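What's in entry-v5.cif: mmCIF, C-alpha atoms
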```
data_protein
#
loop_
_atom_site.label_atom_id
_atom_site.label_comp_id
_atom_site.auth_asym_id
_atom_site.auth_seq_id
_atom_site.Cartn_x
_atom_site.Cartn_y
_atom_site.Cartn_z
CA MET A 1 17.26 -24.51 41.44
CA PRO A 2 14.59 -22.29 39.80
CA THR A 3 15.66 -20.59 36.61
CA LYS A 4 15.35 -16.91 35.78
CA SER A 5 13.11 -15.56 33.05
CA ILE A 6 14.63 -14.67 29.71
CA ASP A 7 13.35 -12.75 26.69
CA ILE A 8 14.99 -14.63 23.81
CA GLU A 9 13.58 -12.36 21.10
CA SER A 10 14.83 -9.21 22.82
CA LEU A 11 18.33 -10.64 23.24
CA GLN A 12 18.41 -11.77 19.61
CA LYS A 13 17.65 -8.19 18.54
CA LYS A 14 20.39 -6.94 20.84
CA ALA A 15 22.84 -9.29 19.15
CA VAL A 16 22.45 -7.25 15.96
CA VAL A 17 22.98 -4.02 17.91
CA PHE A 18 26.09 -5.45 19.54
CA ARG A 19 27.59 -6.49 16.22
CA ARG A 20 26.94 -3.06 14.71
CA ASP A 21 28.45 -1.37 17.78
CA ILE A 22 31.53 -3.59 17.59
CA LEU A 23 32.17 -2.80 13.93
CA GLU A 24 31.56 0.93 14.32
CA THR A 25 33.89 1.03 17.33
CA LEU A 26 36.63 -0.75 15.39
CA GLU A 27 36.28 1.45 12.31
CA ILE A 28 36.64 4.63 14.40
CA ALA A 29 39.70 3.21 16.14
CA GLY A 30 41.27 1.89 12.93
CA SER A 31 42.46 -1.25 14.71
CA GLY A 32 41.27 -4.08 16.92
CA HIS A 33 39.92 -7.63 16.79
CA PRO A 34 36.59 -8.17 14.99
CA GLY A 35 36.63 -11.94 14.34
CA GLY A 36 36.59 -13.27 17.88
CA SER A 37 34.45 -10.38 19.10
CA LEU A 38 31.68 -11.12 16.61
CA SER A 39 31.80 -14.85 17.37
CA ALA A 40 31.30 -14.26 21.11
CA VAL A 41 28.32 -11.89 20.98
CA GLU A 42 25.64 -14.38 22.04
CA ILE A 43 27.89 -15.76 24.78
CA PHE A 44 28.26 -12.34 26.39
CA LEU A 45 24.62 -11.43 25.77
CA THR A 46 23.35 -14.54 27.52
CA LEU A 47 25.83 -14.11 30.36
CA TYR A 48 24.95 -10.50 31.11
CA GLY A 49 21.34 -10.59 29.96
CA TYR A 50 20.36 -13.76 31.79
CA GLN A 51 22.92 -15.64 33.82
CA LEU A 52 24.96 -13.19 35.84
CA ASN A 53 24.16 -11.88 39.28
CA HIS A 54 25.56 -8.37 38.79
CA ARG A 55 24.89 -4.69 39.40
CA PRO A 56 26.14 -2.40 36.62
CA ASN A 57 25.73 0.66 38.87
CA GLU A 58 27.78 -1.09 41.57
CA PRO A 59 30.56 -2.90 39.67
CA HIS A 60 32.53 -3.74 42.82
CA TRP A 61 29.58 -5.23 44.69
CA GLU A 62 31.15 -7.94 46.84
CA ASP A 63 28.68 -10.71 46.01
CA ARG A 64 28.68 -10.22 42.23
CA ASP A 65 29.43 -13.09 39.89
CA ARG A 66 32.84 -12.65 38.27
CA VAL A 67 33.60 -12.81 34.53
CA ILE A 68 37.24 -13.36 33.59
CA VAL A 69 37.86 -12.67 29.91
CA SER A 70 40.91 -14.81 29.29
CA LYS A 71 40.95 -14.00 25.57
CA GLY A 72 41.48 -10.36 26.38
CA HIS A 73 42.00 -9.23 22.80
CA VAL A 74 38.22 -9.41 22.22
CA SER A 75 37.85 -6.19 24.16
CA PRO A 76 35.40 -4.78 21.55
CA VAL A 77 32.67 -7.29 22.48
CA VAL A 78 33.47 -6.85 26.18
CA TYR A 79 33.26 -3.07 26.09
CA VAL A 80 30.16 -3.07 23.89
CA THR A 81 28.49 -5.49 26.30
CA LEU A 82 29.40 -3.46 29.37
CA ALA A 83 28.31 -0.20 27.75
CA ASN A 84 24.97 -1.62 26.61
CA PHE A 85 24.29 -3.00 30.09
CA GLY A 86 25.02 0.35 31.73
CA TYR A 87 28.53 0.02 33.17
CA PHE A 88 29.60 3.20 31.37
CA PRO A 89 28.12 5.50 28.67
CA LYS A 90 28.03 4.10 25.13
CA GLU A 91 29.50 7.36 23.88
CA GLU A 92 32.81 6.27 25.42
CA LEU A 93 33.11 3.49 22.82
CA LYS A 94 34.32 6.18 20.42
CA THR A 95 37.50 6.49 22.51
CA PHE A 96 38.49 2.85 21.97
CA ARG A 97 42.27 2.49 21.60
CA LYS A 98 42.81 6.26 21.79
CA PHE A 99 45.85 7.48 23.70
CA GLY A 100 44.98 8.07 27.35
CA ALA A 101 41.55 6.44 27.09
CA ARG A 102 40.59 3.64 29.47
CA LEU A 103 39.12 1.48 26.67
CA GLN A 104 42.38 0.02 25.45
CA GLY A 105 42.99 -2.88 23.05
CA HIS A 106 43.12 -5.56 25.74
CA VAL A 107 40.75 -5.58 28.68
CA HIS A 108 41.98 -4.13 31.96
CA THR A 109 40.61 -3.21 35.33
CA LYS A 110 40.38 0.55 34.80
CA VAL A 111 37.16 -0.26 32.92
CA PRO A 112 34.11 -0.78 35.17
CA GLY A 113 33.07 -4.43 35.03
CA VAL A 114 36.48 -5.81 34.01
CA GLU A 115 37.86 -8.11 36.70
CA PHE A 116 41.34 -8.93 35.41
CA ASN A 117 43.90 -7.59 32.94
CA THR A 118 44.36 -10.08 30.11
CA GLY A 119 46.09 -10.22 26.76
CA SER A 120 48.68 -12.94 27.14
CA LEU A 121 46.60 -16.06 26.62
CA GLY A 122 46.27 -19.02 28.95
CA HIS A 123 46.10 -17.16 32.28
CA GLY A 124 42.41 -16.54 32.86
CA LEU A 125 41.34 -19.96 34.10
CA SER A 126 44.02 -20.07 36.80
CA TYR A 127 42.86 -16.67 38.00
CA ALA A 128 39.24 -17.83 37.99
CA ASN A 129 40.24 -20.81 40.10
CA GLY A 130 41.95 -18.53 42.59
CA ILE A 131 38.86 -16.36 42.93
CA ALA A 132 36.67 -19.41 43.45
CA LEU A 133 39.00 -20.86 46.09
CA GLY A 134 39.09 -17.51 47.88
CA ALA A 135 35.31 -17.31 47.79
CA ARG A 136 35.05 -20.77 49.31
CA MET A 137 37.39 -19.79 52.13
CA ARG A 138 35.25 -16.73 52.87
CA GLY A 139 31.96 -18.61 52.67
CA LYS A 140 30.82 -16.82 49.52
CA ASP A 141 28.74 -18.58 46.88
CA PHE A 142 29.11 -16.33 43.82
CA LYS A 143 30.07 -17.95 40.53
CA VAL A 144 33.15 -17.37 38.40
CA TYR A 145 32.97 -17.50 34.59
CA CYS A 146 36.06 -17.67 32.37
CA VAL A 147 35.67 -16.92 28.65
CA MET A 148 38.43 -18.47 26.56
CA GLY A 149 39.27 -18.92 22.91
CA ASP A 150 39.65 -22.37 21.44
CA GLY A 151 43.16 -21.60 20.21
CA GLU A 152 43.98 -20.71 23.80
CA ASN A 153 43.44 -24.36 24.68
CA GLN A 154 46.78 -25.02 22.97
CA GLU A 155 48.41 -23.47 26.06
CA GLY A 156 49.72 -25.89 28.67
CA SER A 157 48.74 -23.50 31.46
CA VAL A 158 45.07 -24.06 30.57
CA TRP A 159 45.40 -27.77 31.31
CA GLU A 160 47.22 -27.15 34.59
CA ALA A 161 44.31 -24.93 35.61
CA ALA A 162 41.79 -27.53 34.40
CA MET A 163 43.44 -30.16 36.58
CA THR A 164 43.45 -27.81 39.58
CA ALA A 165 39.76 -26.93 39.29
CA ALA A 166 38.74 -30.58 39.08
CA HIS A 167 41.01 -31.55 41.99
CA HIS A 168 39.40 -28.92 44.22
CA GLN A 169 35.88 -29.67 42.93
CA LEU A 170 35.33 -26.03 42.00
CA ASP A 171 31.71 -26.35 40.96
CA HIS A 172 31.32 -22.55 41.05
CA VAL A 173 33.71 -22.26 38.08
CA CYS A 174 32.34 -22.28 34.53
CA ALA A 175 34.76 -22.11 31.61
CA ILE A 176 33.21 -20.99 28.32
CA ILE A 177 35.18 -21.77 25.18
CA ASP A 178 34.37 -19.63 22.16
CA CYS A 179 35.10 -22.44 19.73
CA ASN A 180 35.22 -20.58 16.41
CA LYS A 181 37.93 -22.93 15.06
CA VAL A 182 40.07 -20.12 13.61
CA GLN A 183 43.02 -18.36 15.22
CA GLU A 184 45.29 -15.57 14.07
CA ASN A 185 47.38 -17.65 11.67
CA GLY A 186 44.76 -20.06 10.33
CA PRO A 187 42.40 -22.88 11.31
CA THR A 188 43.07 -24.30 14.77
CA HIS A 189 43.26 -27.84 13.38
CA ASP A 190 46.18 -26.77 11.16
CA ILE A 191 48.05 -24.85 13.85
CA LYS A 192 47.64 -27.46 16.60
CA ASN A 193 44.63 -29.74 16.46
CA LEU A 194 42.49 -29.61 19.62
CA GLU A 195 40.15 -32.50 18.95
CA PRO A 196 38.70 -34.42 20.63
CA LEU A 197 38.25 -31.31 22.80
CA ALA A 198 35.15 -32.39 24.74
CA GLN A 199 36.67 -35.74 25.64
CA LYS A 200 39.87 -34.06 26.83
CA TRP A 201 38.00 -31.78 29.25
CA ALA A 202 35.91 -34.72 30.47
CA ALA A 203 39.08 -36.72 31.06
CA PHE A 204 40.37 -33.87 33.21
CA GLY A 205 37.31 -34.25 35.44
CA TRP A 206 35.04 -31.51 34.12
CA HIS A 207 31.33 -31.57 33.40
CA VAL A 208 31.21 -30.87 29.65
CA ILE A 209 28.35 -29.20 27.76
CA GLU A 210 28.66 -28.66 23.99
CA VAL A 211 26.26 -26.20 22.32
CA ASP A 212 25.62 -23.93 19.37
CA GLY A 213 27.25 -20.74 20.63
CA HIS A 214 24.96 -18.52 18.56
CA ASN A 215 21.73 -20.00 19.95
CA ILE A 216 20.72 -17.98 23.00
CA GLU A 217 18.10 -20.50 24.08
CA VAL A 218 20.55 -23.41 24.23
CA LEU A 219 23.16 -21.20 25.89
CA LYS A 220 20.56 -20.41 28.54
CA MET A 221 19.94 -24.14 29.03
CA ALA A 222 23.69 -24.74 29.32
CA PHE A 223 24.00 -22.11 32.05
CA ASP A 224 21.03 -23.65 33.87
CA GLU A 225 22.78 -27.02 33.72
CA PHE A 226 25.96 -25.49 35.13
CA SER A 227 23.99 -23.91 37.99
CA ASN A 228 22.67 -27.35 38.93
CA THR A 229 25.97 -29.26 38.61
CA LYS A 230 27.65 -30.09 41.91
CA GLY A 231 31.07 -31.48 42.77
CA LYS A 232 32.94 -30.60 39.58
CA PRO A 233 33.64 -27.55 37.40
CA THR A 234 31.74 -27.07 34.14
CA VAL A 235 33.03 -26.22 30.68
CA ILE A 236 30.67 -24.99 27.97
CA ILE A 237 32.11 -25.58 24.51
CA ALA A 238 30.25 -23.02 22.42
CA ASN A 239 30.61 -23.79 18.71
CA THR A 240 30.68 -20.47 16.89
CA ILE A 241 31.70 -18.83 13.62
CA LYS A 242 34.61 -16.40 13.52
CA GLY A 243 33.33 -13.03 12.28
CA LYS A 244 29.70 -14.13 12.66
CA GLY A 245 27.16 -11.98 10.84
CA VAL A 246 29.47 -10.42 8.24
CA SER A 247 29.81 -12.52 5.11
CA PHE A 248 33.32 -11.41 4.13
CA MET A 249 34.63 -11.92 7.69
CA GLU A 250 33.09 -15.28 8.54
CA GLY A 251 35.68 -18.02 9.04
CA LYS A 252 38.55 -15.80 7.85
CA SER A 253 41.75 -15.62 9.91
CA ALA A 254 42.59 -12.36 8.11
CA TRP A 255 39.87 -10.71 10.22
CA HIS A 256 41.30 -11.89 13.51
CA GLY A 257 42.91 -8.52 14.19
CA LYS A 258 42.05 -6.04 11.44
CA ALA A 259 39.51 -3.23 11.59
CA PRO A 260 37.14 -2.56 8.67
CA ASN A 261 37.55 0.62 6.65
CA LYS A 262 34.59 2.88 5.92
CA GLU A 263 33.53 0.97 2.79
CA GLN A 264 33.81 -2.41 4.51
CA LEU A 265 31.90 -1.04 7.49
CA ALA A 266 29.08 0.15 5.24
CA GLN A 267 28.85 -3.29 3.62
CA ALA A 268 28.88 -5.03 7.01
CA LEU A 269 26.21 -2.76 8.50
CA ALA A 270 24.01 -3.34 5.45
CA GLU A 271 24.16 -7.07 6.21
CA LEU A 272 23.33 -6.48 9.87
CA LYS A 273 19.99 -4.71 9.53
#
```

Could you spell out this file's structure in structure tokens?
Amino acid sequence: MPTKSIDIESLQKKAVVFRRDILETLEIAGSGHPGGSLSAVEIFLTLYGYQLNHRPNEPHWEDRDRVIVSKGHVSPVVYVTLANFGYFPKEELKTFRKFGARLQGHVHTKVPGVEFNTGSLGHGLSYANGIALGARMRGKDFKVYCVMGDGENQEGSVWEAAMTAAHHQLDHVCAIIDCNKVQENGPTHDIKNLEPLAQKWAAFGWHVIEVDGHNIEVLKMAFDEFSNTKGKPTVIIANTIKGKGVSFMEGKSAWHGKAPNKEQLAQALAELK
């Protein structure tokens, strides 16, 4: 299958813009989840800037690829991505978490480009499987991407869904694990160790690709590999850093769900020039 063109340098510059937008959005709201949003920036950039077949001006286009954000608390990176790609005006980011606004703390389908309401973890992959099975029944060939957190892999429902996708040979399903190794209450290996994560997914019948989740070029190559894999679903384990790009947030569970104040925002933005 021929690959699309990609401007790596342009997307790398956008990654800085995305991180600044995320932090500014959170500071205005006074609440939200910076850690997992900052770690997933390159994942969403490469998805929307390269991989996806989508139409921002036609979000319900029938043949669009679907993105299920199973770790729905990272709504800041989702909304910033959708706004920057033209799904709605960037000015609306200022309404994040405001009463009556559609940009609420967990992603939901009132927002153009959001396919599924999530917040309770462990549900997204099952939903992605259902979409893929429905597409097969209707003769559609769009792809379904499910973005998960690594801590979410501690949920038994994830492994039920993994078994289902492999059983039905859902090669149009691509799970993407934002593997930042930190969850709300501490390192994932202290809460419930996930390793050997790649071997577990392989044992469940998945094609496994492990990459640097902040390297857009290798993410692009991983998506190309998924597009050419037949007969089994693919999981991309994207190794990332929680709070990526902000020194005092990186690797810190305290920044899982806490917005920066004005002084912290100023320091963070200074680092993200």

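Coordinates place atom CA of Gly30 of chain A at a distance of 28.4 Å from atom CA of Asn239 of chain A.
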
Using all atoms listed in the file, which of the listed residues (A:Glu250, A:Asp224, A:Glu155, A:Asp150) sits closest to Tyr50 of chain A?
-> A:Asp224

With all atoms listed in the file as the basis for distance, which of A:Met137, A:Cys174, A:Val144, A:Ala202 is at the shortest distance from His54 of chain A?
-> A:Val144

If you apply the PyMOL selection byres ((chain A and resi 121) around 9) to this file, what residues do you get, as an NGL selection string?
-> :A and (70-72 or 118-120 or 122-124 or 148-149 or 152 or 155)

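Of the residues listed (A:Asn261, A:Asn215, A:Ala222, A:Ile209), A:Asn215 shows the shortest atom-to-atom separation from Glu9 of chain A; distances use only C-alpha atoms.
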
Long-range neighbours of Pro112 of chain A as a PyMOL selection string, 10 Å cut-off, all atoms listed in the file, 6 positions minimum in chain | chain A and resi 56-60+79+82-83+86-88+102

Taking the file as shown, what set of residues would the PyMOL selection byres ((chain A and resi 166) around 9) give back, as a ChimeraX atom specification?
-> /A:161-165,167-171,204-206,231-233

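Here atom CA of Lys252 of chain A is placed at a distance of 24.7 Å from atom CA of Cys146 of chain A.
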
Please provide the set of residues having any atom within 12 Å of Asp212 of chain A, restricted to all atoms listed in the file, with same-chain residues fewer than 2 positions apart removed, written as a ChimeraX atom specification.
-> /A:39-40,42-43,177-180,209-210,214-222,236-241

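Reported to one decimal place, the separation of atom CA of Gly32 of chain A from atom CA of Leu93 of chain A is 12.6 Å.
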
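Using only C-alpha atoms, the nearest neighbour of Arg66 of chain A within the list A:Gly105, A:Pro187, A:Gly130, A:Gly36 is A:Gly130.
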
Taking the file above as input, evaluate the PyMOL selection byres ((chain A and resi 11) around 8) and report the hits as a PyMOL selection string.
-> chain A and resi 7-10+12-15+45-46+49+216

Would you mind exporting the chosen residues as a PDB file, in the coordinates of the input, restricted to C-alpha atoms?
```
ATOM      1  CA  ASP A   7      13.350 -12.750  26.690  1.00  0.00           C
ATOM      2  CA  ILE A   8      14.990 -14.630  23.810  1.00  0.00           C
ATOM      3  CA  GLU A   9      13.580 -12.360  21.100  1.00  0.00           C
ATOM      4  CA  SER A  10      14.830  -9.210  22.820  1.00  0.00           C
ATOM      5  CA  GLN A  12      18.410 -11.770  19.610  1.00  0.00           C
ATOM      6  CA  LYS A  13      17.650  -8.190  18.540  1.00  0.00           C
ATOM      7  CA  LYS A  14      20.390  -6.940  20.840  1.00  0.00           C
ATOM      8  CA  ALA A  15      22.840  -9.290  19.150  1.00  0.00           C
ATOM      9  CA  LEU A  45      24.620 -11.430  25.770  1.00  0.00           C
ATOM     10  CA  THR A  46      23.350 -14.540  27.520  1.00  0.00           C
ATOM     11  CA  GLY A  49      21.340 -10.590  29.960  1.00  0.00           C
ATOM     12  CA  ILE A 216      20.720 -17.980  23.000  1.00  0.00           C
TER      13      ILE A 216
END
```

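Shell of Arg97 of chain A at 12 Å, with only C-alpha atoms counted and residues fewer than 3 places along the chain excluded, is Thr25, Leu26, Glu27, Ile28, Ala29, Gly30, Ser31, Gly32, His33, His73, Ser75, Pro76, Tyr79, Glu92, Leu93, Lys94, Gly100, Ala101, Arg102, Leu103, Gln104, Gly105, His106, Val107 and Ala259 of chain A.
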
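Nearest residue to Gly113 of chain A, choosing from A:Lys90, A:Arg19, A:Lys98, A:Arg55 and counting all atoms listed in the file: A:Arg55.
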
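The set of protein, DNA and RNA residues with any counted atom at most 12 Å from (23.7, -0.3, 8.8) (all atoms listed in the file) reads Val16, Val17, Arg19, Arg20, Asp21, Leu23, Glu24, Val246, Lys262, Glu263, Gln264, Leu265, Ala266, Gln267, Ala268, Leu269, Ala270, Glu271, Leu272 and Lys273 of chain A.
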
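Residue nearest Gln183 of chain A, chosen from A:Gln51, A:Asn228, A:Asn153, A:Gln199 and counting all atoms listed in the file: A:Asn153.
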